[in-house]
>>> print(open('coords_9.pdb').read())   # PDB, C-alpha atoms, pLDDT in the B column
ATOM      1  CA  MET A   1      23.021 -22.531 -17.077  1.00 43.00           C
ATOM      2  CA  THR A   2      26.479 -21.609 -18.326  1.00 46.00           C
ATOM      3  CA  ALA A   3      27.409 -18.596 -20.416  1.00 46.00           C
ATOM      4  CA  ARG A   4      28.099 -20.907 -23.353  1.00 46.00           C
ATOM      5  CA  SER A   5      24.569 -22.274 -23.328  1.00 83.00           C
ATOM      6  CA  LEU A   6      22.969 -18.838 -23.318  1.00 88.00           C
ATOM      7  CA  PRO A   7      21.309 -17.904 -26.603  1.00 92.00           C
ATOM      8  CA  THR A   8      22.654 -15.068 -28.731  1.00 89.00           C
ATOM      9  CA  LEU A   9      20.611 -12.450 -30.520  1.00 94.00           C
ATOM     10  CA  GLU A  10      19.748 -12.881 -34.158  1.00 96.00           C
ATOM     11  CA  LEU A  11      17.709 -10.685 -36.458  1.00 97.00           C
ATOM     12  CA  ALA A  12      14.027 -11.604 -36.344  1.00 98.00           C
ATOM     13  CA  THR A  13      12.003 -12.294 -39.480  1.00 97.00           C
ATOM     14  CA  ALA A  14       8.330 -11.869 -40.289  1.00 96.00           C
ATOM     15  CA  ASP A  15       7.916 -15.572 -39.463  1.00 97.00           C
ATOM     16  CA  ASP A  16       8.844 -14.725 -35.843  1.00 98.00           C
ATOM     17  CA  ALA A  17       6.116 -12.079 -35.384  1.00 97.00           C
ATOM     18  CA  GLU A  18       3.535 -14.365 -33.774  1.00 97.00           C
ATOM     19  CA  ALA A  19       6.054 -15.899 -31.350  1.00 97.00           C
ATOM     20  CA  ILE A  20       7.397 -12.448 -30.397  1.00 97.00           C
ATOM     21  CA  ALA A  21       3.875 -11.134 -29.783  1.00 97.00           C
ATOM     22  CA  THR A  22       3.043 -14.232 -27.706  1.00 97.00           C
ATOM     23  CA  LEU A  23       6.219 -13.870 -25.628  1.00 97.00           C
ATOM     24  CA  ARG A  24       5.726 -10.153 -24.953  1.00 96.00           C
ATOM     25  CA  THR A  25       2.044 -10.656 -24.100  1.00 96.00           C
ATOM     26  CA  ALA A  26       2.917 -13.475 -21.671  1.00 96.00           C
ATOM     27  CA  VAL A  27       5.514 -11.278 -19.956  1.00 95.00           C
ATOM     28  CA  ALA A  28       2.983  -8.431 -19.714  1.00 93.00           C
ATOM     29  CA  ALA A  29       0.423 -10.818 -18.203  1.00 93.00           C
ATOM     30  CA  ASP A  30       2.964 -12.001 -15.626  1.00 93.00           C
ATOM     31  CA  LEU A  31       3.844  -8.412 -14.672  1.00 92.00           C
ATOM     32  CA  THR A  32       0.145  -7.623 -14.348  1.00 89.00           C
ATOM     33  CA  ARG A  33      -0.412 -10.681 -12.156  1.00 93.00           C
ATOM     34  CA  ARG A  34       2.467  -9.679  -9.878  1.00 91.00           C
ATOM     35  CA  HIS A  35       2.099  -5.870  -9.869  1.00 89.00           C
ATOM     36  CA  GLY A  36      -1.457  -5.086 -10.937  1.00 87.00           C
ATOM     37  CA  LEU A  37      -2.675  -3.235 -13.999  1.00 89.00           C
ATOM     38  CA  GLY A  38      -0.339  -0.673 -15.511  1.00 84.00           C
ATOM     39  CA  HIS A  39       1.148   0.502 -18.791  1.00 83.00           C
ATOM     40  CA  TRP A  40       3.042  -2.804 -18.889  1.00 87.00           C
ATOM     41  CA  SER A  41      -0.280  -4.704 -19.153  1.00 85.00           C
ATOM     42  CA  ALA A  42      -0.884  -4.265 -22.880  1.00 86.00           C
ATOM     43  CA  GLN A  43      -1.340  -7.210 -25.190  1.00 91.00           C
ATOM     44  CA  VAL A  44       0.986  -7.232 -28.181  1.00 94.00           C
ATOM     45  CA  SER A  45      -0.346  -8.032 -31.645  1.00 94.00           C
ATOM     46  CA  ASP A  46       1.344  -9.805 -34.534  1.00 94.00           C
ATOM     47  CA  ALA A  47       0.559  -6.734 -36.655  1.00 95.00           C
ATOM     48  CA  GLY A  48       2.348  -4.474 -34.166  1.00 94.00           C
ATOM     49  CA  VAL A  49       5.424  -6.686 -34.242  1.00 96.00           C
ATOM     50  CA  ARG A  50       5.341  -6.728 -38.055  1.00 95.00           C
ATOM     51  CA  ARG A  51       5.290  -2.898 -38.088  1.00 95.00           C
ATOM     52  CA  SER A  52       8.299  -2.922 -35.756  1.00 95.00           C
ATOM     53  CA  LEU A  53      10.118  -5.245 -38.144  1.00 96.00           C
ATOM     54  CA  GLN A  54       9.616  -2.684 -40.917  1.00 95.00           C
ATOM     55  CA  SER A  55      10.678   0.395 -38.941  1.00 93.00           C
ATOM     56  CA  SER A  56      13.574  -0.953 -36.877  1.00 95.00           C
ATOM     57  CA  ARG A  57      15.646  -4.036 -36.179  1.00 97.00           C
ATOM     58  CA  VAL A  58      13.980  -6.616 -33.985  1.00 98.00           C
ATOM     59  CA  TYR A  59      16.169  -9.317 -32.485  1.00 98.00           C
ATOM     60  CA  VAL A  60      15.344 -12.632 -30.882  1.00 98.00           C
ATOM     61  CA  ALA A  61      17.204 -15.094 -28.685  1.00 97.00           C
ATOM     62  CA  ARG A  62      16.322 -18.734 -29.313  1.00 96.00           C
ATOM     63  CA  GLN A  63      16.792 -21.723 -27.063  1.00 93.00           C
ATOM     64  CA  ASP A  64      15.877 -25.221 -28.187  1.00 90.00           C
ATOM     65  CA  GLY A  65      14.176 -23.719 -31.237  1.00 91.00           C
ATOM     66  CA  ARG A  66      11.876 -21.347 -29.324  1.00 95.00           C
ATOM     67  CA  ILE A  67      12.168 -17.614 -28.774  1.00 97.00           C
ATOM     68  CA  VAL A  68      13.116 -16.888 -25.152  1.00 97.00           C
ATOM     69  CA  GLY A  69      14.037 -13.217 -25.491  1.00 97.00           C
ATOM     70  CA  THR A  70      13.508 -10.256 -27.757  1.00 98.00           C
ATOM     71  CA  LEU A  71      14.417  -6.610 -28.080  1.00 97.00           C
ATOM     72  CA  ARG A  72      14.207  -3.879 -30.669  1.00 97.00           C
ATOM     73  CA  LEU A  73      16.908  -1.387 -31.695  1.00 98.00           C
ATOM     74  CA  ALA A  74      16.156   1.740 -33.697  1.00 97.00           C
ATOM     75  CA  THR A  75      17.746   5.020 -34.679  1.00 96.00           C
ATOM     76  CA  LYS A  76      14.414   6.834 -34.389  1.00 95.00           C
ATOM     77  CA  LYS A  77      13.722   8.269 -30.933  1.00 93.00           C
ATOM     78  CA  PRO A  78      10.724   6.700 -29.159  1.00 92.00           C
ATOM     79  CA  TRP A  79       7.899   9.009 -28.133  1.00 87.00           C
ATOM     80  CA  ALA A  80       8.728   9.028 -24.385  1.00 88.00           C
ATOM     81  CA  ILE A  81      12.459   9.734 -24.655  1.00 91.00           C
ATOM     82  CA  ASP A  82      13.694  13.252 -23.892  1.00 91.00           C
ATOM     83  CA  PRO A  83      17.081  13.608 -25.661  1.00 92.00           C
ATOM     84  CA  ALA A  84      18.022  16.549 -23.400  1.00 93.00           C
ATOM     85  CA  ARG A  85      18.448  14.055 -20.537  1.00 94.00           C
ATOM     86  CA  PHE A  86      21.227  12.121 -22.292  1.00 97.00           C
ATOM     87  CA  THR A  87      24.876  12.560 -23.175  1.00 97.00           C
ATOM     88  CA  PRO A  88      25.149  14.317 -26.555  1.00 96.00           C
ATOM     89  CA  VAL A  89      26.270  11.760 -29.129  1.00 96.00           C
ATOM     90  CA  ALA A  90      26.174  11.670 -32.902  1.00 96.00           C
ATOM     91  CA  ARG A  91      24.647   8.208 -33.329  1.00 97.00           C
ATOM     92  CA  PRO A  92      22.387   6.980 -30.513  1.00 97.00           C
ATOM     93  CA  LEU A  93      20.393   3.773 -30.694  1.00 98.00           C
ATOM     94  CA  TYR A  94      17.165   3.279 -28.790  1.00 98.00           C
ATOM     95  CA  LEU A  95      16.372  -0.042 -27.144  1.00 97.00           C
ATOM     96  CA  THR A  96      12.682  -0.853 -26.717  1.00 95.00           C
ATOM     97  CA  ASP A  97      10.351  -3.803 -26.352  1.00 95.00           C
ATOM     98  CA  MET A  98      12.797  -5.992 -24.452  1.00 96.00           C
ATOM     99  CA  ALA A  99      11.278  -9.107 -22.933  1.00 97.00           C
ATOM    100  CA  VAL A 100      12.543 -12.437 -21.631  1.00 97.00           C
ATOM    101  CA  ALA A 101      10.222 -15.427 -21.356  1.00 97.00           C
ATOM    102  CA  VAL A 102       8.870 -15.788 -17.833  1.00 96.00           C
ATOM    103  CA  THR A 103      10.390 -19.277 -17.572  1.00 94.00           C
ATOM    104  CA  GLY A 104      13.778 -17.920 -18.706  1.00 92.00           C
ATOM    105  CA  GLN A 105      14.050 -14.970 -16.344  1.00 93.00           C
ATOM    106  CA  ARG A 106      16.882 -14.809 -13.805  1.00 93.00           C
ATOM    107  CA  GLN A 107      18.973 -17.203 -15.889  1.00 93.00           C
ATOM    108  CA  GLY A 108      21.247 -14.681 -17.618  1.00 94.00           C
ATOM    109  CA  ILE A 109      19.264 -14.449 -20.857  1.00 96.00           C
ATOM    110  CA  GLY A 110      18.390 -10.762 -20.429  1.00 96.00           C
ATOM    111  CA  ARG A 111      21.978  -9.845 -19.565  1.00 96.00           C
ATOM    112  CA  ARG A 112      23.218 -11.796 -22.581  1.00 96.00           C
ATOM    113  CA  CYS A 113      20.732  -9.974 -24.820  1.00 97.00           C
ATOM    114  CA  LEU A 114      22.043  -6.617 -23.578  1.00 97.00           C
ATOM    115  CA  GLU A 115      25.651  -7.719 -24.111  1.00 96.00           C
ATOM    116  CA  ASP A 116      24.807  -8.766 -27.669  1.00 96.00           C
ATOM    117  CA  ALA A 117      23.025  -5.432 -28.209  1.00 97.00           C
ATOM    118  CA  VAL A 118      26.287  -3.638 -27.391  1.00 96.00           C
ATOM    119  CA  GLU A 119      28.129  -5.676 -30.028  1.00 96.00           C
ATOM    120  CA  ILE A 120      25.382  -4.918 -32.540  1.00 96.00           C
ATOM    121  CA  ALA A 121      25.623  -1.207 -31.662  1.00 97.00           C
ATOM    122  CA  ARG A 122      29.396  -1.244 -32.267  1.00 96.00           C
ATOM    123  CA  GLN A 123      28.850  -2.684 -35.730  1.00 94.00           C
ATOM    124  CA  TRP A 124      25.869  -0.408 -36.534  1.00 94.00           C
ATOM    125  CA  PRO A 125      27.890   1.931 -35.668  1.00 95.00           C
ATOM    126  CA  ALA A 126      26.360   3.715 -32.687  1.00 97.00           C
ATOM    127  CA  ASP A 127      27.792   5.774 -29.839  1.00 96.00           C
ATOM    128  CA  ALA A 128      25.231   4.932 -27.153  1.00 98.00           C
ATOM    129  CA  ILE A 129      22.208   2.835 -26.323  1.00 98.00           C
ATOM    130  CA  ARG A 130      19.347   4.715 -24.689  1.00 98.00           C
ATOM    131  CA  LEU A 131      16.163   3.392 -23.137  1.00 96.00           C
ATOM    132  CA  ASP A 132      13.417   4.103 -20.704  1.00 95.00           C
ATOM    133  CA  ALA A 133      11.975   1.845 -18.026  1.00 94.00           C
ATOM    134  CA  TYR A 134       8.881   2.156 -15.885  1.00 91.00           C
ATOM    135  CA  ASP A 135       9.672   3.809 -12.555  1.00 92.00           C
ATOM    136  CA  ALA A 136       7.526   1.276 -10.708  1.00 87.00           C
ATOM    137  CA  ALA A 137       7.856  -2.163  -9.157  1.00 85.00           C
ATOM    138  CA  ALA A 138       7.078  -3.673 -12.579  1.00 85.00           C
ATOM    139  CA  GLY A 139       9.899  -1.682 -14.188  1.00 87.00           C
ATOM    140  CA  ALA A 140      13.320  -3.087 -15.020  1.00 93.00           C
ATOM    141  CA  GLY A 141      15.403  -0.137 -13.825  1.00 93.00           C
ATOM    142  CA  ALA A 142      17.380  -2.166 -11.283  1.00 94.00           C
ATOM    143  CA  PHE A 143      18.175  -4.749 -13.968  1.00 96.00           C
ATOM    144  CA  TYR A 144      19.501  -2.136 -16.413  1.00 97.00           C
ATOM    145  CA  ALA A 145      21.612  -0.535 -13.675  1.00 96.00           C
ATOM    146  CA  LYS A 146      23.018  -3.960 -12.739  1.00 96.00           C
ATOM    147  CA  CYS A 147      23.947  -4.469 -16.408  1.00 97.00           C
ATOM    148  CA  GLY A 148      25.995  -1.259 -16.492  1.00 96.00           C
ATOM    149  CA  TYR A 149      23.458   1.234 -17.816  1.00 98.00           C
ATOM    150  CA  ARG A 150      23.617   4.617 -16.122  1.00 98.00           C
ATOM    151  CA  GLU A 151      20.459   6.280 -14.892  1.00 97.00           C
ATOM    152  CA  MET A 152      20.170   9.632 -16.670  1.00 97.00           C
ATOM    153  CA  GLY A 153      17.062  10.959 -14.989  1.00 95.00           C
ATOM    154  CA  ARG A 154      13.429  10.496 -14.168  1.00 94.00           C
ATOM    155  CA  ALA A 155      10.462  11.918 -15.992  1.00 92.00           C
ATOM    156  CA  SER A 156       6.745  11.589 -16.255  1.00 89.00           C
ATOM    157  CA  TYR A 157       5.410  11.194 -19.764  1.00 83.00           C
ATOM    158  CA  ARG A 158       1.617  11.361 -20.120  1.00 80.00           C
ATOM    159  CA  GLY A 159       1.339  10.399 -16.459  1.00 84.00           C
ATOM    160  CA  VAL A 160       3.707   7.433 -16.743  1.00 85.00           C
ATOM    161  CA  PRO A 161       6.727   7.658 -14.409  1.00 92.00           C
ATOM    162  CA  LEU A 162       9.881   6.707 -16.315  1.00 93.00           C
ATOM    163  CA  LEU A 163      13.567   6.195 -15.665  1.00 95.00           C
ATOM    164  CA  TYR A 164      15.994   7.020 -18.468  1.00 97.00           C
ATOM    165  CA  PHE A 165      19.105   4.878 -18.919  1.00 98.00           C
ATOM    166  CA  GLU A 166      22.122   5.130 -21.190  1.00 98.00           C
ATOM    167  CA  LEU A 167      25.149   3.038 -22.015  1.00 98.00           C
ATOM    168  CA  LEU A 168      27.959   4.748 -23.908  1.00 98.00           C
ATOM    169  CA  ILE A 169      29.540   2.293 -26.310  1.00 95.00           C
ATOM    170  CA  PRO A 170      33.242   1.840 -25.536  1.00 79.00           C
ATOM    171  CA  GLY A 171      35.518   2.317 -28.513  1.00 71.00           C
ATOM    172  CA  THR A 172      33.295   4.753 -30.377  1.00 59.00           C
ATOM    173  CA  GLU A 173      33.875   8.456 -30.668  1.00 53.00           C
ATOM    174  CA  THR A 174      31.129  10.641 -29.293  1.00 48.00           C
ATOM    175  CA  SER A 175      30.390  14.239 -30.140  1.00 40.00           C
ATOM    176  CA  TRP A 176      31.013  15.411 -26.574  1.00 38.00           C
ATOM    177  CA  GLN A 177      34.637  14.192 -26.399  1.00 38.00           C
TER
END
>>> encode(input="coords_9.pdb", output="structure tokens")
Amino acid sequence: MTARSLPTLELATADDAEAIATLRTAVAADLTRRHGLGHWSAQVSDAGVRRSLQSSRVYVARQDGRIVGTLRLATKKPWAIDPARFTPVARPLYLTDMAVAVTGQRQGIGRRCLEDAVEIARQWPADAIRLDAYDAAAGAGAFYAKCGYREMGRASYRGVPLLYFELLIPGTETSWQ
């Protein structure tokens, strides 16, 4: 697959909720099959995706008319994020709920989604993208590091071991400069 054939992110609509929920649930089932039960094992509902669409910006990547990737960007800090672990910036964005279809993994789709997220963050405008990943075999920490995100620390939130990652957005002014 070439970089030109990789899908780009576009804003999801309410009509995408079922497909997003199906994709995320399938990815969770695959992680559970490979790594056993964990916090990654939850099924995702259409209603949950619809709530996300109202409270943040949900993006999808389509290939041949079907959703092969998704992620959510928000200005509101997720429950498990500890802002003290990150670089002080005026306008952080939080990336959550990222998933790539099982059949599309290891083909560059996830990397392309993260690259598009940076462009979206520049236009938002935002100074950084922050996220957490499970600190377990089922977690995507190595993937985020490979994509240029810097590990900012480890924490346990309600018994769930997490890795915090951050990417400062080049070309934006941050409050710590």
>>> resolve_selection(input="coords_9.pdb", expression="the PyMOL selection byres ((chain A and resi 171) around 12)", output="MDAnalysis selection string")
chainID A and resid 118:119 121:123 125:128 168:170 172:174
>>> atom_distance(input="coords_9.pdb", atom1="atom CA of Arg72 of chain A", atom2="atom CA of Ile129 of chain A")
11.3 Å
>>> closest_residue(input="coords_9.pdb", among="A:Ala42, A:Leu131, A:Ala145, A:Leu6", to="Pro78 of chain A", atoms="all atoms listed in the file")
A:Leu131
>>> resolve_selection(input="coords_9.pdb", expression="the PyMOL selection byres ((chain A and resi 141) around 12)", output="list in words")
Leu131, Asp132, Ala133, Tyr134, Asp135, Ala136, Ala137, Ala138, Gly139, Ala140, Ala142, Phe143, Tyr144, Ala145, Lys146, Cys147, Gly148, Tyr149, Arg150, Glu151, Met152, Gly153, Arg154, Pro161, Leu162, Leu163, Tyr164, Phe165 and Glu166 of chain A
>>> write_last_selection(input="coords_9.pdb", atoms="C-alpha atoms", output="JSON list (two decimals), in the frame of the given file")
[["chain", "number", "residue", "atom", "x", "y", "z"],
["A", 131, "LEU", "CA", 16.16, 3.39, -23.14],
["A", 132, "ASP", "CA", 13.42, 4.10, -20.70],
["A", 133, "ALA", "CA", 11.98, 1.84, -18.03],
["A", 134, "TYR", "CA", 8.88, 2.16, -15.88],
["A", 135, "ASP", "CA", 9.67, 3.81, -12.56],
["A", 136, "ALA", "CA", 7.53, 1.28, -10.71],
["A", 137, "ALA", "CA", 7.86, -2.16, -9.16],
["A", 138, "ALA", "CA", 7.08, -3.67, -12.58],
["A", 139, "GLY", "CA", 9.90, -1.68, -14.19],
["A", 140, "ALA", "CA", 13.32, -3.09, -15.02],
["A", 142, "ALA", "CA", 17.38, -2.17, -11.28],
["A", 143, "PHE", "CA", 18.18, -4.75, -13.97],
["A", 144, "TYR", "CA", 19.50, -2.14, -16.41],
["A", 145, "ALA", "CA", 21.61, -0.54, -13.68],
["A", 146, "LYS", "CA", 23.02, -3.96, -12.74],
["A", 147, "CYS", "CA", 23.95, -4.47, -16.41],
["A", 148, "GLY", "CA", 26.00, -1.26, -16.49],
["A", 149, "TYR", "CA", 23.46, 1.23, -17.82],
["A", 150, "ARG", "CA", 23.62, 4.62, -16.12],
["A", 151, "GLU", "CA", 20.46, 6.28, -14.89],
["A", 152, "MET", "CA", 20.17, 9.63, -16.67],
["A", 153, "GLY", "CA", 17.06, 10.96, -14.99],
["A", 154, "ARG", "CA", 13.43, 10.50, -14.17],
["A", 161, "PRO", "CA", 6.73, 7.66, -14.41],
["A", 162, "LEU", "CA", 9.88, 6.71, -16.32],
["A", 163, "LEU", "CA", 13.57, 6.20, -15.66],
["A", 164, "TYR", "CA", 15.99, 7.02, -18.47],
["A", 165, "PHE", "CA", 19.10, 4.88, -18.92],
["A", 166, "GLU", "CA", 22.12, 5.13, -21.19]]
>>> residues_around(input="coords_9.pdb", residues="Ala101 of chain A", least_positions_apart="5", cutoff="8 Å", atoms="all atoms listed in the file", output="number ranges by chain")
A: 23-24, 26-27, 67-69
>>> resolve_selection(input="coords_9.pdb", expression="the PyMOL selection byres ((chain A and resi 104) around 12)", output="list in words")
Met1, Leu6, Pro7, Leu23, Val27, Ala61, Arg62, Gln63, Arg66, Ile67, Val68, Gly69, Thr70, Ala99, Val100, Ala101, Val102, Thr103, Gln105, Arg106, Gln107, Gly108, Ile109, Gly110, Arg111 and Arg112 of chain A
>>> write_last_selection(input="coords_9.pdb", atoms="C-alpha atoms", output="CSV table (one decimal), keeping the file's coordinate frame")
chain,number,residue,atom,x,y,z
A,1,MET,CA,23.0,-22.5,-17.1
A,6,LEU,CA,23.0,-18.8,-23.3
A,7,PRO,CA,21.3,-17.9,-26.6
A,23,LEU,CA,6.2,-13.9,-25.6
A,27,VAL,CA,5.5,-11.3,-20.0
A,61,ALA,CA,17.2,-15.1,-28.7
A,62,ARG,CA,16.3,-18.7,-29.3
A,63,GLN,CA,16.8,-21.7,-27.1
A,66,ARG,CA,11.9,-21.3,-29.3
A,67,ILE,CA,12.2,-17.6,-28.8
A,68,VAL,CA,13.1,-16.9,-25.2
A,69,GLY,CA,14.0,-13.2,-25.5
A,70,THR,CA,13.5,-10.3,-27.8
A,99,ALA,CA,11.3,-9.1,-22.9
A,100,VAL,CA,12.5,-12.4,-21.6
A,101,ALA,CA,10.2,-15.4,-21.4
A,102,VAL,CA,8.9,-15.8,-17.8
A,103,THR,CA,10.4,-19.3,-17.6
A,105,GLN,CA,14.0,-15.0,-16.3
A,106,ARG,CA,16.9,-14.8,-13.8
A,107,GLN,CA,19.0,-17.2,-15.9
A,108,GLY,CA,21.2,-14.7,-17.6
A,109,ILE,CA,19.3,-14.4,-20.9
A,110,GLY,CA,18.4,-10.8,-20.4
A,111,ARG,CA,22.0,-9.8,-19.6
A,112,ARG,CA,23.2,-11.8,-22.6
>>> atom_distance(input="coords_9.pdb", atom1="atom CA of Ile20 of chain A", atom2="atom CA of Val49 of chain A")
7.2 Å
>>> atom_distance(input="coords_9.pdb", atom1="atom CA of Asp82 of chain A", atom2="atom CA of Asp97 of chain A")
17.6 Å
>>> residues_around(input="coords_9.pdb", residues="Gln43 of chain A", least_positions_apart="2", cutoff="10 Å", atoms="only C-alpha atoms", output="PDB file with C-alpha atoms, in the frame of the given file")
ATOM      1  CA  ALA A  21       3.875 -11.134 -29.783  1.00 97.00           C
ATOM      2  CA  THR A  22       3.043 -14.232 -27.706  1.00 97.00           C
ATOM      3  CA  ARG A  24       5.726 -10.153 -24.953  1.00 96.00           C
ATOM      4  CA  THR A  25       2.044 -10.656 -24.100  1.00 96.00           C
ATOM      5  CA  ALA A  26       2.917 -13.475 -21.671  1.00 96.00           C
ATOM      6  CA  VAL A  27       5.514 -11.278 -19.956  1.00 95.00           C
ATOM      7  CA  ALA A  28       2.983  -8.431 -19.714  1.00 93.00           C
ATOM      8  CA  ALA A  29       0.423 -10.818 -18.203  1.00 93.00           C
ATOM      9  CA  TRP A  40       3.042  -2.804 -18.889  1.00 87.00           C
ATOM     10  CA  SER A  41      -0.280  -4.704 -19.153  1.00 85.00           C
ATOM     11  CA  SER A  45      -0.346  -8.032 -31.645  1.00 94.00           C
TER      12      SER A  45
END
>>> closest_residue(input="coords_9.pdb", among="A:Ile81, A:Ala14, A:Val58, A:Leu95", to="Ala155 of chain A", atoms="all atoms listed in the file")
A:Ile81
>>> closest_residue(input="coords_9.pdb", among="A:Leu11, A:Leu114, A:Ala19, A:Val160", to="Gly65 of chain A", atoms="all atoms listed in the file")
A:Ala19
>>> closest_residue(input="coords_9.pdb", among="A:Gly159, A:Arg91, A:Arg50, A:Phe86", to="Gly38 of chain A", atoms="only C-alpha atoms")
A:Gly159
>>> decode(input="coords_9.pdb", residues="segment 10-64 of chain A", atoms="C-alpha atoms", output="PDB file, in the first residue's frame")
ATOM      1  CA  GLU A  10     -12.589  13.229   7.882  1.00  0.00           C
ATOM      2  CA  LEU A  11     -15.083  14.388  10.472  1.00  0.00           C
ATOM      3  CA  ALA A  12     -17.516  11.621  11.387  1.00  0.00           C
ATOM      4  CA  THR A  13     -21.278  12.118  11.334  1.00  0.00           C
ATOM      5  CA  ALA A  14     -24.089  10.531  13.311  1.00  0.00           C
ATOM      6  CA  ASP A  15     -24.573   8.164  10.355  1.00  0.00           C
ATOM      7  CA  ASP A  16     -21.102   6.730  11.114  1.00  0.00           C
ATOM      8  CA  ALA A  17     -21.869   5.841  14.757  1.00  0.00           C
ATOM      9  CA  GLU A  18     -22.809   2.204  14.146  1.00  0.00           C
ATOM     10  CA  ALA A  19     -19.770   1.542  11.931  1.00  0.00           C
ATOM     11  CA  ILE A  20     -17.435   3.217  14.453  1.00  0.00           C
ATOM     12  CA  ALA A  21     -18.888   1.166  17.315  1.00  0.00           C
ATOM     13  CA  THR A  22     -18.566  -2.026  15.238  1.00  0.00           C
ATOM     14  CA  LEU A  23     -14.943  -1.248  14.339  1.00  0.00           C
ATOM     15  CA  ARG A  24     -13.906  -0.427  17.911  1.00  0.00           C
ATOM     16  CA  THR A  25     -15.694  -3.504  19.282  1.00  0.00           C
ATOM     17  CA  ALA A  26     -13.976  -5.741  16.703  1.00  0.00           C
ATOM     18  CA  VAL A  27     -10.571  -4.311  17.637  1.00  0.00           C
ATOM     19  CA  ALA A  28     -11.332  -4.850  21.339  1.00  0.00           C
ATOM     20  CA  ALA A  29     -12.354  -8.452  20.618  1.00  0.00           C
ATOM     21  CA  ASP A  30      -9.109  -9.051  18.719  1.00  0.00           C
ATOM     22  CA  LEU A  31      -7.031  -7.609  21.577  1.00  0.00           C
ATOM     23  CA  THR A  32      -8.931  -9.803  24.025  1.00  0.00           C
ATOM     24  CA  ARG A  33      -8.341 -12.881  21.869  1.00  0.00           C
ATOM     25  CA  ARG A  34      -4.610 -12.149  21.694  1.00  0.00           C
ATOM     26  CA  HIS A  35      -3.970 -10.775  25.208  1.00  0.00           C
ATOM     27  CA  GLY A  36      -6.819 -11.969  27.413  1.00  0.00           C
ATOM     28  CA  LEU A  37      -9.443  -9.941  29.225  1.00  0.00           C
ATOM     29  CA  GLY A  38      -8.523  -6.405  30.204  1.00  0.00           C
ATOM     30  CA  HIS A  39      -9.767  -2.828  30.141  1.00  0.00           C
ATOM     31  CA  TRP A  40      -9.403  -2.976  26.350  1.00  0.00           C
ATOM     32  CA  SER A  41     -12.114  -5.684  26.191  1.00  0.00           C
ATOM     33  CA  ALA A  42     -15.170  -3.434  26.398  1.00  0.00           C
ATOM     34  CA  GLN A  43     -17.846  -3.450  23.741  1.00  0.00           C
ATOM     35  CA  VAL A  44     -18.621  -0.042  22.274  1.00  0.00           C
ATOM     36  CA  SER A  45     -22.219   1.056  21.765  1.00  0.00           C
ATOM     37  CA  ASP A  46     -23.713   3.258  19.069  1.00  0.00           C
ATOM     38  CA  ALA A  47     -25.089   5.456  21.867  1.00  0.00           C
ATOM     39  CA  GLY A  48     -21.599   5.898  23.326  1.00  0.00           C
ATOM     40  CA  VAL A  49     -20.229   6.938  19.949  1.00  0.00           C
ATOM     41  CA  ARG A  50     -23.132   9.369  19.483  1.00  0.00           C
ATOM     42  CA  ARG A  51     -22.319  10.976  22.862  1.00  0.00           C
ATOM     43  CA  SER A  52     -18.700  11.321  21.733  1.00  0.00           C
ATOM     44  CA  LEU A  53     -19.865  13.043  18.557  1.00  0.00           C
ATOM     45  CA  GLN A  54     -21.665  15.629  20.696  1.00  0.00           C
ATOM     46  CA  SER A  55     -18.827  16.300  23.148  1.00  0.00           C
ATOM     47  CA  SER A  56     -15.780  16.189  20.876  1.00  0.00           C
ATOM     48  CA  ARG A  57     -14.659  15.725  17.296  1.00  0.00           C
ATOM     49  CA  VAL A  58     -14.655  12.153  16.075  1.00  0.00           C
ATOM     50  CA  TYR A  59     -12.778  11.398  12.875  1.00  0.00           C
ATOM     51  CA  VAL A  60     -12.854   8.430  10.546  1.00  0.00           C
ATOM     52  CA  ALA A  61     -10.609   7.113   7.794  1.00  0.00           C
ATOM     53  CA  ARG A  62     -12.456   5.434   4.932  1.00  0.00           C
ATOM     54  CA  GLN A  63     -11.164   2.990   2.368  1.00  0.00           C
ATOM     55  CA  ASP A  64     -13.369   1.676  -0.414  1.00  0.00           C
TER      56      ASP A  64
END
